[in-house]
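Peer 1: Input protein37.pdb, format and content: PDB, N, CA, C and O atoms.
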ATOM      1  N   MET A1229       5.447  -8.674  -1.024  1.00  0.00           N
ATOM      2  CA  MET A1229       6.035  -9.286   0.105  1.00  0.00           C
ATOM      3  C   MET A1229       6.844 -10.501  -0.315  1.00  0.00           C
ATOM      4  O   MET A1229       7.719 -10.908   0.391  1.00  0.00           O
ATOM      5  N   ALA A1230       6.527 -11.015  -1.488  1.00  0.00           N
ATOM      6  CA  ALA A1230       7.289 -12.151  -1.991  1.00  0.00           C
ATOM      7  C   ALA A1230       8.754 -11.772  -2.170  1.00  0.00           C
ATOM      8  O   ALA A1230       9.643 -12.598  -1.950  1.00  0.00           O
ATOM      9  N   ALA A1231       9.010 -10.519  -2.536  1.00  0.00           N
ATOM     10  CA  ALA A1231      10.388 -10.073  -2.716  1.00  0.00           C
ATOM     11  C   ALA A1231      11.156 -10.148  -1.401  1.00  0.00           C
ATOM     12  O   ALA A1231      12.318 -10.570  -1.370  1.00  0.00           O
ATOM     13  N   LEU A1232      10.522  -9.763  -0.309  1.00  0.00           N
ATOM     14  CA  LEU A1232      11.178  -9.849   1.002  1.00  0.00           C
ATOM     15  C   LEU A1232      11.342 -11.305   1.429  1.00  0.00           C
ATOM     16  O   LEU A1232      12.415 -11.709   1.886  1.00  0.00           O
ATOM     17  N   ARG A1233      10.289 -12.093   1.268  1.00  0.00           N
ATOM     18  CA  ARG A1233      10.343 -13.492   1.709  1.00  0.00           C
ATOM     19  C   ARG A1233      11.341 -14.305   0.897  1.00  0.00           C
ATOM     20  O   ARG A1233      11.977 -15.207   1.429  1.00  0.00           O
ATOM     21  N   SER A1234      11.481 -14.010  -0.383  1.00  0.00           N
ATOM     22  CA  SER A1234      12.369 -14.792  -1.236  1.00  0.00           C
ATOM     23  C   SER A1234      13.835 -14.423  -1.074  1.00  0.00           C
ATOM     24  O   SER A1234      14.710 -15.161  -1.501  1.00  0.00           O
ATOM     25  N   GLY A1235      14.088 -13.266  -0.474  1.00  0.00           N
ATOM     26  CA  GLY A1235      15.468 -12.819  -0.328  1.00  0.00           C
ATOM     27  C   GLY A1235      15.939 -11.971  -1.497  1.00  0.00           C
ATOM     28  O   GLY A1235      17.092 -11.569  -1.552  1.00  0.00           O
ATOM     29  N   ALA A1236      15.047 -11.691  -2.465  1.00  0.00           N
ATOM     30  CA  ALA A1236      15.416 -10.857  -3.614  1.00  0.00           C
ATOM     31  C   ALA A1236      15.808  -9.456  -3.150  1.00  0.00           C
ATOM     32  O   ALA A1236      16.654  -8.804  -3.755  1.00  0.00           O
ATOM     33  N   VAL A1237      15.166  -8.994  -2.102  1.00  0.00           N
ATOM     34  CA  VAL A1237      15.557  -7.752  -1.431  1.00  0.00           C
ATOM     35  C   VAL A1237      15.772  -8.105   0.028  1.00  0.00           C
ATOM     36  O   VAL A1237      15.163  -9.029   0.554  1.00  0.00           O
ATOM     37  N   ARG A1238      16.640  -7.369   0.693  1.00  0.00           N
ATOM     38  CA  ARG A1238      17.031  -7.762   2.050  1.00  0.00           C
ATOM     39  C   ARG A1238      16.528  -6.830   3.142  1.00  0.00           C
ATOM     40  O   ARG A1238      16.710  -7.108   4.315  1.00  0.00           O
ATOM     41  N   SER A1239      15.904  -5.733   2.768  1.00  0.00           N
ATOM     42  CA  SER A1239      15.443  -4.798   3.791  1.00  0.00           C
ATOM     43  C   SER A1239      14.211  -4.044   3.297  1.00  0.00           C
ATOM     44  O   SER A1239      13.904  -4.041   2.106  1.00  0.00           O
ATOM     45  N   ARG A1240      13.540  -3.387   4.233  1.00  0.00           N
ATOM     46  CA  ARG A1240      12.408  -2.550   3.852  1.00  0.00           C
ATOM     47  C   ARG A1240      12.885  -1.393   2.983  1.00  0.00           C
ATOM     48  O   ARG A1240      12.213  -1.007   2.041  1.00  0.00           O
ATOM     49  N   TRP A1241      14.051  -0.860   3.310  1.00  0.00           N
ATOM     50  CA  TRP A1241      14.596   0.251   2.530  1.00  0.00           C
ATOM     51  C   TRP A1241      14.810  -0.187   1.082  1.00  0.00           C
ATOM     52  O   TRP A1241      14.413   0.500   0.140  1.00  0.00           O
ATOM     53  N   GLN A1242      15.424  -1.329   0.884  1.00  0.00           N
ATOM     54  CA  GLN A1242      15.694  -1.836  -0.464  1.00  0.00           C
ATOM     55  C   GLN A1242      14.379  -2.118  -1.197  1.00  0.00           C
ATOM     56  O   GLN A1242      14.246  -1.822  -2.388  1.00  0.00           O
ATOM     57  N   THR A1243      13.400  -2.656  -0.495  1.00  0.00           N
ATOM     58  CA  THR A1243      12.094  -2.911  -1.098  1.00  0.00           C
ATOM     59  C   THR A1243      11.457  -1.604  -1.542  1.00  0.00           C
ATOM     60  O   THR A1243      10.892  -1.510  -2.633  1.00  0.00           O
ATOM     61  N   ALA A1244      11.552  -0.584  -0.690  1.00  0.00           N
ATOM     62  CA  ALA A1244      10.992   0.732  -1.018  1.00  0.00           C
ATOM     63  C   ALA A1244      11.634   1.294  -2.277  1.00  0.00           C
ATOM     64  O   ALA A1244      10.943   1.846  -3.145  1.00  0.00           O
ATOM     65  N   VAL A1245      12.934   1.154  -2.406  1.00  0.00           N
ATOM     66  CA  VAL A1245      13.633   1.645  -3.598  1.00  0.00           C
ATOM     67  C   VAL A1245      13.167   0.897  -4.838  1.00  0.00           C
ATOM     68  O   VAL A1245      12.854   1.502  -5.866  1.00  0.00           O
ATOM     69  N   VAL A1246      13.074  -0.426  -4.756  1.00  0.00           N
ATOM     70  CA  VAL A1246      12.670  -1.248  -5.897  1.00  0.00           C
ATOM     71  C   VAL A1246      11.270  -0.878  -6.379  1.00  0.00           C
ATOM     72  O   VAL A1246      11.016  -0.756  -7.572  1.00  0.00           O
ATOM     73  N   PHE A1247      10.330  -0.652  -5.433  1.00  0.00           N
ATOM     74  CA  PHE A1247       8.952  -0.376  -5.804  1.00  0.00           C
ATOM     75  C   PHE A1247       8.630   1.108  -5.901  1.00  0.00           C
ATOM     76  O   PHE A1247       7.507   1.473  -6.265  1.00  0.00           O
ATOM     77  N   GLY A1248       9.576   1.958  -5.559  1.00  0.00           N
ATOM     78  CA  GLY A1248       9.364   3.394  -5.681  1.00  0.00           C
ATOM     79  C   GLY A1248       8.365   3.950  -4.680  1.00  0.00           C
ATOM     80  O   GLY A1248       7.573   4.837  -5.011  1.00  0.00           O
ATOM     81  N   VAL A1249       8.393   3.414  -3.457  1.00  0.00           N
ATOM     82  CA  VAL A1249       7.498   3.870  -2.399  1.00  0.00           C
ATOM     83  C   VAL A1249       8.315   4.173  -1.148  1.00  0.00           C
ATOM     84  O   VAL A1249       9.518   3.939  -1.112  1.00  0.00           O
ATOM     85  N   SER A1250       7.660   4.650  -0.106  1.00  0.00           N
ATOM     86  CA  SER A1250       8.364   4.954   1.137  1.00  0.00           C
ATOM     87  C   SER A1250       8.551   3.682   1.970  1.00  0.00           C
ATOM     88  O   SER A1250       7.829   2.695   1.807  1.00  0.00           O
ATOM     89  N   GLU A1251       9.530   3.741   2.876  1.00  0.00           N
ATOM     90  CA  GLU A1251       9.730   2.627   3.795  1.00  0.00           C
ATOM     91  C   GLU A1251       8.491   2.422   4.663  1.00  0.00           C
ATOM     92  O   GLU A1251       8.159   1.298   5.026  1.00  0.00           O
ATOM     93  N   ARG A1252       7.823   3.517   4.981  1.00  0.00           N
ATOM     94  CA  ARG A1252       6.600   3.435   5.785  1.00  0.00           C
ATOM     95  C   ARG A1252       5.536   2.603   5.062  1.00  0.00           C
ATOM     96  O   ARG A1252       4.839   1.799   5.674  1.00  0.00           O
ATOM     97  N   SER A1253       5.409   2.814   3.743  1.00  0.00           N
ATOM     98  CA  SER A1253       4.448   2.023   2.963  1.00  0.00           C
ATOM     99  C   SER A1253       4.798   0.543   3.012  1.00  0.00           C
ATOM    100  O   SER A1253       3.921  -0.302   3.193  1.00  0.00           O
ATOM    101  N   VAL A1254       6.074   0.236   2.861  1.00  0.00           N
ATOM    102  CA  VAL A1254       6.503  -1.166   2.907  1.00  0.00           C
ATOM    103  C   VAL A1254       6.167  -1.761   4.275  1.00  0.00           C
ATOM    104  O   VAL A1254       5.669  -2.884   4.360  1.00  0.00           O
ATOM    105  N   GLY A1255       6.395  -0.995   5.329  1.00  0.00           N
ATOM    106  CA  GLY A1255       6.066  -1.470   6.671  1.00  0.00           C
ATOM    107  C   GLY A1255       4.575  -1.736   6.822  1.00  0.00           C
ATOM    108  O   GLY A1255       4.170  -2.743   7.410  1.00  0.00           O
ATOM    109  N   SER A1256       3.759  -0.847   6.272  1.00  0.00           N
ATOM    110  CA  SER A1256       2.303  -1.035   6.322  1.00  0.00           C
ATOM    111  C   SER A1256       1.897  -2.286   5.557  1.00  0.00           C
ATOM    112  O   SER A1256       1.044  -3.060   6.012  1.00  0.00           O
ATOM    113  N   TRP A1257       2.491  -2.481   4.383  1.00  0.00           N
ATOM    114  CA  TRP A1257       2.193  -3.669   3.580  1.00  0.00           C
ATOM    115  C   TRP A1257       2.567  -4.935   4.347  1.00  0.00           C
ATOM    116  O   TRP A1257       1.825  -5.910   4.352  1.00  0.00           O
ATOM    117  N   TRP A1258       3.750  -4.919   4.963  1.00  0.00           N
ATOM    118  CA  TRP A1258       4.238  -6.094   5.667  1.00  0.00           C
ATOM    119  C   TRP A1258       3.329  -6.439   6.844  1.00  0.00           C
ATOM    120  O   TRP A1258       2.971  -7.591   7.048  1.00  0.00           O
ATOM    121  N   ARG A1259       2.906  -5.429   7.617  1.00  0.00           N
ATOM    122  CA  ARG A1259       1.993  -5.673   8.732  1.00  0.00           C
ATOM    123  C   ARG A1259       0.656  -6.231   8.239  1.00  0.00           C
ATOM    124  O   ARG A1259       0.114  -7.172   8.828  1.00  0.00           O
ATOM    125  N   ALA A1260       0.139  -5.659   7.159  1.00  0.00           N
ATOM    126  CA  ALA A1260      -1.130  -6.147   6.604  1.00  0.00           C
ATOM    127  C   ALA A1260      -0.987  -7.590   6.134  1.00  0.00           C
ATOM    128  O   ALA A1260      -1.858  -8.435   6.394  1.00  0.00           O
ATOM    129  N   TYR A1261       0.111  -7.899   5.482  1.00  0.00           N
ATOM    130  CA  TYR A1261       0.349  -9.253   4.983  1.00  0.00           C
ATOM    131  C   TYR A1261       0.441 -10.251   6.133  1.00  0.00           C
ATOM    132  O   TYR A1261      -0.167 -11.322   6.084  1.00  0.00           O
ATOM    133  N   ARG A1262       1.181  -9.906   7.178  1.00  0.00           N
ATOM    134  CA  ARG A1262       1.318 -10.809   8.321  1.00  0.00           C
ATOM    135  C   ARG A1262      -0.014 -11.021   9.029  1.00  0.00           C
ATOM    136  O   ARG A1262      -0.287 -12.105   9.524  1.00  0.00           O
ATOM    137  N   ALA A1263      -0.839  -9.986   9.065  1.00  0.00           N
ATOM    138  CA  ALA A1263      -2.127 -10.085   9.751  1.00  0.00           C
ATOM    139  C   ALA A1263      -3.180 -10.825   8.938  1.00  0.00           C
ATOM    140  O   ALA A1263      -4.002 -11.551   9.502  1.00  0.00           O
ATOM    141  N   GLY A1264      -3.165 -10.659   7.597  1.00  0.00           N
ATOM    142  CA  GLY A1264      -4.258 -11.228   6.804  1.00  0.00           C
ATOM    143  C   GLY A1264      -3.871 -11.877   5.503  1.00  0.00           C
ATOM    144  O   GLY A1264      -4.748 -12.162   4.685  1.00  0.00           O
ATOM    145  N   GLY A1265      -2.601 -12.084   5.265  1.00  0.00           N
ATOM    146  CA  GLY A1265      -2.173 -12.738   4.034  1.00  0.00           C
ATOM    147  C   GLY A1265      -2.364 -11.863   2.802  1.00  0.00           C
ATOM    148  O   GLY A1265      -2.540 -10.651   2.900  1.00  0.00           O
ATOM    149  N   ARG A1266      -2.322 -12.497   1.646  1.00  0.00           N
ATOM    150  CA  ARG A1266      -2.422 -11.758   0.382  1.00  0.00           C
ATOM    151  C   ARG A1266      -3.728 -10.991   0.252  1.00  0.00           C
ATOM    152  O   ARG A1266      -3.764  -9.923  -0.331  1.00  0.00           O
ATOM    153  N   GLU A1267      -4.794 -11.541   0.803  1.00  0.00           N
ATOM    154  CA  GLU A1267      -6.092 -10.871   0.709  1.00  0.00           C
ATOM    155  C   GLU A1267      -6.059  -9.497   1.374  1.00  0.00           C
ATOM    156  O   GLU A1267      -6.743  -8.582   0.952  1.00  0.00           O
ATOM    157  N   ALA A1268      -5.258  -9.366   2.423  1.00  0.00           N
ATOM    158  CA  ALA A1268      -5.163  -8.096   3.143  1.00  0.00           C
ATOM    159  C   ALA A1268      -4.461  -7.023   2.315  1.00  0.00           C
ATOM    160  O   ALA A1268      -4.574  -5.836   2.622  1.00  0.00           O
ATOM    161  N   LEU A1269      -3.761  -7.429   1.264  1.00  0.00           N
ATOM    162  CA  LEU A1269      -3.049  -6.477   0.424  1.00  0.00           C
ATOM    163  C   LEU A1269      -3.890  -5.976  -0.750  1.00  0.00           C
ATOM    164  O   LEU A1269      -3.460  -5.089  -1.474  1.00  0.00           O
ATOM    165  N   ALA A1270      -5.077  -6.545  -0.925  1.00  0.00           N
ATOM    166  CA  ALA A1270      -5.941  -6.134  -2.033  1.00  0.00           C
ATOM    167  C   ALA A1270      -6.299  -4.658  -1.884  1.00  0.00           C
ATOM    168  O   ALA A1270      -6.559  -4.173  -0.784  1.00  0.00           O
ATOM    169  N   VAL A1271      -6.325  -3.958  -2.989  1.00  0.00           N
ATOM    170  CA  VAL A1271      -6.661  -2.533  -2.972  1.00  0.00           C
ATOM    171  C   VAL A1271      -8.124  -2.374  -2.601  1.00  0.00           C
ATOM    172  O   VAL A1271      -9.000  -2.991  -3.195  1.00  0.00           O
ATOM    173  N   GLN A1272      -8.359  -1.558  -1.604  1.00  0.00           N
ATOM    174  CA  GLN A1272      -9.722  -1.273  -1.185  1.00  0.00           C
ATOM    175  C   GLN A1272      -9.953   0.212  -1.380  1.00  0.00           C
ATOM    176  O   GLN A1272      -9.338   1.037  -0.723  1.00  0.00           O
ATOM    177  N   ARG A1273     -10.811   0.530  -2.295  1.00  0.00           N
ATOM    178  CA  ARG A1273     -11.103   1.932  -2.572  1.00  0.00           C
ATOM    179  C   ARG A1273     -12.127   2.451  -1.578  1.00  0.00           C
ATOM    180  O   ARG A1273     -13.100   1.791  -1.285  1.00  0.00           O
ATOM    181  N   LYS A1274     -11.868   3.645  -1.089  1.00  0.00           N
ATOM    182  CA  LYS A1274     -12.795   4.272  -0.155  1.00  0.00           C
ATOM    183  C   LYS A1274     -13.763   5.138  -0.943  1.00  0.00           C
ATOM    184  O   LYS A1274     -13.389   5.795  -1.899  1.00  0.00           O
ATOM    185  N   ALA A1275     -14.981   5.121  -0.522  1.00  0.00           N
ATOM    186  CA  ALA A1275     -15.989   5.959  -1.171  1.00  0.00           C
ATOM    187  C   ALA A1275     -15.696   7.418  -0.851  1.00  0.00           C
ATOM    188  O   ALA A1275     -15.417   7.772   0.286  1.00  0.00           O
ATOM    189  N   CYS A1276     -15.744   8.243  -1.863  1.00  0.00           N
ATOM    190  CA  CYS A1276     -15.521   9.675  -1.660  1.00  0.00           C
ATOM    191  C   CYS A1276     -16.804  10.305  -1.137  1.00  0.00           C
ATOM    192  O   CYS A1276     -17.886  10.026  -1.642  1.00  0.00           O
ATOM    193  N   PRO A1277     -16.645  11.158  -0.155  1.00  0.00           N
ATOM    194  CA  PRO A1277     -17.837  11.882   0.267  1.00  0.00           C
ATOM    195  C   PRO A1277     -18.268  12.814  -0.851  1.00  0.00           C
ATOM    196  O   PRO A1277     -17.447  13.251  -1.648  1.00  0.00           O
ATOM    197  N   GLU A1278     -19.532  13.078  -0.936  1.00  0.00           N
ATOM    198  CA  GLU A1278     -20.017  13.950  -1.992  1.00  0.00           C
ATOM    199  C   GLU A1278     -19.444  15.350  -1.799  1.00  0.00           C
ATOM    200  O   GLU A1278     -19.510  15.924  -0.726  1.00  0.00           O
ATOM    201  N   SER A1279     -18.869  15.875  -2.840  1.00  0.00           N
ATOM    202  CA  SER A1279     -18.237  17.179  -2.775  1.00  0.00           C
ATOM    203  C   SER A1279     -19.273  18.296  -2.878  1.00  0.00           C
ATOM    204  O   SER A1279     -20.193  18.223  -3.675  1.00  0.00           O
ATOM    205  N   PRO A1280     -19.105  19.358  -2.081  1.00  0.00           N
ATOM    206  CA  PRO A1280     -20.008  20.492  -2.202  1.00  0.00           C
ATOM    207  C   PRO A1280     -19.736  21.297  -3.482  1.00  0.00           C
ATOM    208  O   PRO A1280     -20.478  22.195  -3.811  1.00  0.00           O
ATOM    209  N   PHE A1281     -18.664  20.934  -4.194  1.00  0.00           N
ATOM    210  CA  PHE A1281     -18.279  21.677  -5.382  1.00  0.00           C
ATOM    211  C   PHE A1281     -18.688  20.990  -6.680  1.00  0.00           C
ATOM    212  O   PHE A1281     -18.199  21.319  -7.738  1.00  0.00           O
ATOM    213  N   VAL A1282     -19.542  20.002  -6.585  1.00  0.00           N
ATOM    214  CA  VAL A1282     -20.012  19.291  -7.783  1.00  0.00           C
ATOM    215  C   VAL A1282     -20.833  20.255  -8.624  1.00  0.00           C
ATOM    216  O   VAL A1282     -21.714  20.947  -8.139  1.00  0.00           O
ATOM    217  N   ALA A1283     -20.515  20.275  -9.905  1.00  0.00           N
ATOM    218  CA  ALA A1283     -21.235  21.186 -10.824  1.00  0.00           C
ATOM    219  C   ALA A1283     -22.665  20.704 -11.005  1.00  0.00           C
ATOM    220  O   ALA A1283     -22.937  19.517 -11.034  1.00  0.00           O
ATOM    221  N   TRP A1284     -23.565  21.624 -11.146  1.00  0.00           N
ATOM    222  CA  TRP A1284     -24.958  21.277 -11.385  1.00  0.00           C
ATOM    223  C   TRP A1284     -25.503  22.132 -12.509  1.00  0.00           C
ATOM    224  O   TRP A1284     -24.996  23.195 -12.789  1.00  0.00           O
ATOM    225  N   SER A1285     -26.513  21.622 -13.136  1.00  0.00           N
ATOM    226  CA  SER A1285     -27.147  22.357 -14.225  1.00  0.00           C
ATOM    227  C   SER A1285     -28.501  22.854 -13.773  1.00  0.00           C
ATOM    228  O   SER A1285     -29.266  22.116 -13.171  1.00  0.00           O
ATOM    229  N   PRO A1286     -28.815  24.136 -14.071  1.00  0.00           N
ATOM    230  CA  PRO A1286     -30.131  24.663 -13.666  1.00  0.00           C
ATOM    231  C   PRO A1286     -31.249  24.093 -14.494  1.00  0.00           C
ATOM    232  O   PRO A1286     -31.133  23.577 -15.530  1.00  0.00           O
TER     233      PRO A1286
END
As structure tokens, how would this structure be written, given the file I've shared?
Peer 2:
Amino acid sequence: MAALRSGAVRSRWQTAVVFGVSERSVGSWWRAYRAGGREALAVQRKACPESPFVAWSP
């Protein structure tokens, strides 16, 4: 978001091109940043549900 705030990029589209993501992702990042600051942008991994295809040994 620093790129948008600093003026290094001028639009969500340009930001998306620079970072190699979709404009939708940039919009999501921007909303999260406005709502909760840098902490809101921290990667939060979701726990995977246990797969029924996990290999087991007899």
Peer 1: I'd like the interatomic distance between atom CA of A:Ser1239 and atom O of A:Ala1263, to a tenth of an Å.
Peer 2: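 Pair atom CA of A:Ser1239 / atom O of A:Ala1263 returns 21.4 Å.
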Peer 1: Which residue is closest to A:Arg1266? Choose from A:Gly1248, A:Arg1240, A:Gly1235, A:Ala1230 and count only C-alpha atoms.
Peer 2: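 Counting only C-alpha atoms, the residue closest to A:Arg1266 is A:Ala1230.
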Peer 1: Do you have the atom O of A:Val1237-atom O of A:Ala1270 distance handy?
Peer 2: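 These atoms are spaced 22.3 Å apart.
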Peer 1: Rounded to one decimal, what separation in Å do you get between atom C of A:Ala1244 and atom C of A:Leu1269?
Peer 2: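 These atoms are spaced 17.2 Å apart.
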Peer 1: Compile the contact shell of A:Gly1255 as a count of residues only: residues with an atom at most 8 Å away, counting only N, CA, C and O atoms, same-chain residues fewer than 5 positions apart removed.
Peer 2: 7
Peer 1: Taking the chain letters and numbering used in this document, name the residues of stretch 1235-1271 of chain A that DSSP puts in helix (DSSP H, G or I), as a ChimeraX atom specification.
Peer 2: /A:1240-1247,1251-1264,1266-1269
Peer 1: Output requested as a PDB file, in the coordinates of the input - stretch 1234-1244 of chain A, filled out with all heavy atoms.
Peer 2:
ATOM      1  N   SER A1234      11.481 -14.010  -0.383  1.00  0.00           N
ATOM      2  CA  SER A1234      12.369 -14.792  -1.236  1.00  0.00           C
ATOM      3  C   SER A1234      13.835 -14.423  -1.074  1.00  0.00           C
ATOM      4  O   SER A1234      14.710 -15.161  -1.501  1.00  0.00           O
ATOM      5  CB  SER A1234      11.983 -14.597  -2.706  1.00  0.00           C
ATOM      6  OG  SER A1234      12.343 -13.282  -3.127  1.00  0.00           O
ATOM      7  N   GLY A1235      14.088 -13.266  -0.474  1.00  0.00           N
ATOM      8  CA  GLY A1235      15.468 -12.819  -0.328  1.00  0.00           C
ATOM      9  C   GLY A1235      15.939 -11.971  -1.497  1.00  0.00           C
ATOM     10  O   GLY A1235      17.092 -11.569  -1.552  1.00  0.00           O
ATOM     11  N   ALA A1236      15.047 -11.691  -2.465  1.00  0.00           N
ATOM     12  CA  ALA A1236      15.416 -10.857  -3.614  1.00  0.00           C
ATOM     13  C   ALA A1236      15.808  -9.456  -3.150  1.00  0.00           C
ATOM     14  O   ALA A1236      16.654  -8.804  -3.755  1.00  0.00           O
ATOM     15  CB  ALA A1236      14.272 -10.784  -4.617  1.00  0.00           C
ATOM     16  N   VAL A1237      15.166  -8.994  -2.102  1.00  0.00           N
ATOM     17  CA  VAL A1237      15.557  -7.752  -1.431  1.00  0.00           C
ATOM     18  C   VAL A1237      15.772  -8.105   0.028  1.00  0.00           C
ATOM     19  O   VAL A1237      15.163  -9.029   0.554  1.00  0.00           O
ATOM     20  CB  VAL A1237      14.496  -6.631  -1.586  1.00  0.00           C
ATOM     21  CG1 VAL A1237      14.386  -6.183  -3.025  1.00  0.00           C
ATOM     22  CG2 VAL A1237      13.146  -7.072  -1.072  1.00  0.00           C
ATOM     23  N   ARG A1238      16.640  -7.369   0.693  1.00  0.00           N
ATOM     24  CA  ARG A1238      17.031  -7.762   2.050  1.00  0.00           C
ATOM     25  C   ARG A1238      16.528  -6.830   3.142  1.00  0.00           C
ATOM     26  O   ARG A1238      16.710  -7.108   4.315  1.00  0.00           O
ATOM     27  CB  ARG A1238      18.545  -7.875   2.128  1.00  0.00           C
ATOM     28  CG  ARG A1238      19.080  -8.947   1.224  1.00  0.00           C
ATOM     29  CD  ARG A1238      20.587  -9.056   1.357  1.00  0.00           C
ATOM     30  NE  ARG A1238      21.106 -10.007   0.404  1.00  0.00           N
ATOM     31  CZ  ARG A1238      21.299 -11.280   0.679  1.00  0.00           C
ATOM     32  NH1 ARG A1238      21.008 -11.757   1.857  1.00  0.00           N
ATOM     33  NH2 ARG A1238      21.782 -12.090  -0.239  1.00  0.00           N
ATOM     34  N   SER A1239      15.904  -5.733   2.768  1.00  0.00           N
ATOM     35  CA  SER A1239      15.443  -4.798   3.791  1.00  0.00           C
ATOM     36  C   SER A1239      14.211  -4.044   3.297  1.00  0.00           C
ATOM     37  O   SER A1239      13.904  -4.041   2.106  1.00  0.00           O
ATOM     38  CB  SER A1239      16.544  -3.790   4.122  1.00  0.00           C
ATOM     39  OG  SER A1239      16.774  -2.943   3.012  1.00  0.00           O
ATOM     40  N   ARG A1240      13.540  -3.387   4.233  1.00  0.00           N
ATOM     41  CA  ARG A1240      12.408  -2.550   3.852  1.00  0.00           C
ATOM     42  C   ARG A1240      12.885  -1.393   2.983  1.00  0.00           C
ATOM     43  O   ARG A1240      12.213  -1.007   2.041  1.00  0.00           O
ATOM     44  CB  ARG A1240      11.692  -2.018   5.087  1.00  0.00           C
ATOM     45  CG  ARG A1240      10.935  -3.082   5.810  1.00  0.00           C
ATOM     46  CD  ARG A1240      10.180  -2.512   6.976  1.00  0.00           C
ATOM     47  NE  ARG A1240       9.508  -3.578   7.700  1.00  0.00           N
ATOM     48  CZ  ARG A1240       8.845  -3.415   8.794  1.00  0.00           C
ATOM     49  NH1 ARG A1240       8.730  -2.218   9.327  1.00  0.00           N
ATOM     50  NH2 ARG A1240       8.270  -4.428   9.390  1.00  0.00           N
ATOM     51  N   TRP A1241      14.051  -0.860   3.310  1.00  0.00           N
ATOM     52  CA  TRP A1241      14.596   0.251   2.530  1.00  0.00           C
ATOM     53  C   TRP A1241      14.810  -0.187   1.082  1.00  0.00           C
ATOM     54  O   TRP A1241      14.413   0.500   0.140  1.00  0.00           O
ATOM     55  CB  TRP A1241      15.920   0.739   3.126  1.00  0.00           C
ATOM     56  CG  TRP A1241      16.565   1.784   2.280  1.00  0.00           C
ATOM     57  CD1 TRP A1241      16.286   3.110   2.273  1.00  0.00           C
ATOM     58  CD2 TRP A1241      17.559   1.571   1.277  1.00  0.00           C
ATOM     59  NE1 TRP A1241      17.061   3.752   1.331  1.00  0.00           N
ATOM     60  CE2 TRP A1241      17.851   2.819   0.705  1.00  0.00           C
ATOM     61  CE3 TRP A1241      18.238   0.451   0.813  1.00  0.00           C
ATOM     62  CZ2 TRP A1241      18.793   2.979  -0.311  1.00  0.00           C
ATOM     63  CZ3 TRP A1241      19.176   0.618  -0.192  1.00  0.00           C
ATOM     64  CH2 TRP A1241      19.431   1.863  -0.735  1.00  0.00           C
ATOM     65  N   GLN A1242      15.424  -1.329   0.884  1.00  0.00           N
ATOM     66  CA  GLN A1242      15.694  -1.836  -0.464  1.00  0.00           C
ATOM     67  C   GLN A1242      14.379  -2.118  -1.197  1.00  0.00           C
ATOM     68  O   GLN A1242      14.246  -1.822  -2.388  1.00  0.00           O
ATOM     69  CB  GLN A1242      16.545  -3.104  -0.376  1.00  0.00           C
ATOM     70  CG  GLN A1242      17.195  -3.490  -1.673  1.00  0.00           C
ATOM     71  CD  GLN A1242      18.130  -4.673  -1.504  1.00  0.00           C
ATOM     72  OE1 GLN A1242      17.953  -5.502  -0.617  1.00  0.00           O
ATOM     73  NE2 GLN A1242      19.131  -4.745  -2.361  1.00  0.00           N
ATOM     74  N   THR A1243      13.400  -2.656  -0.495  1.00  0.00           N
ATOM     75  CA  THR A1243      12.094  -2.911  -1.098  1.00  0.00           C
ATOM     76  C   THR A1243      11.457  -1.604  -1.542  1.00  0.00           C
ATOM     77  O   THR A1243      10.892  -1.510  -2.633  1.00  0.00           O
ATOM     78  CB  THR A1243      11.178  -3.629  -0.093  1.00  0.00           C
ATOM     79  OG1 THR A1243      11.827  -4.824   0.353  1.00  0.00           O
ATOM     80  CG2 THR A1243       9.842  -3.982  -0.712  1.00  0.00           C
ATOM     81  N   ALA A1244      11.552  -0.584  -0.690  1.00  0.00           N
ATOM     82  CA  ALA A1244      10.992   0.732  -1.018  1.00  0.00           C
ATOM     83  C   ALA A1244      11.634   1.294  -2.277  1.00  0.00           C
ATOM     84  O   ALA A1244      10.943   1.846  -3.145  1.00  0.00           O
ATOM     85  CB  ALA A1244      11.177   1.692   0.155  1.00  0.00           C
TER      86      ALA A1244
END
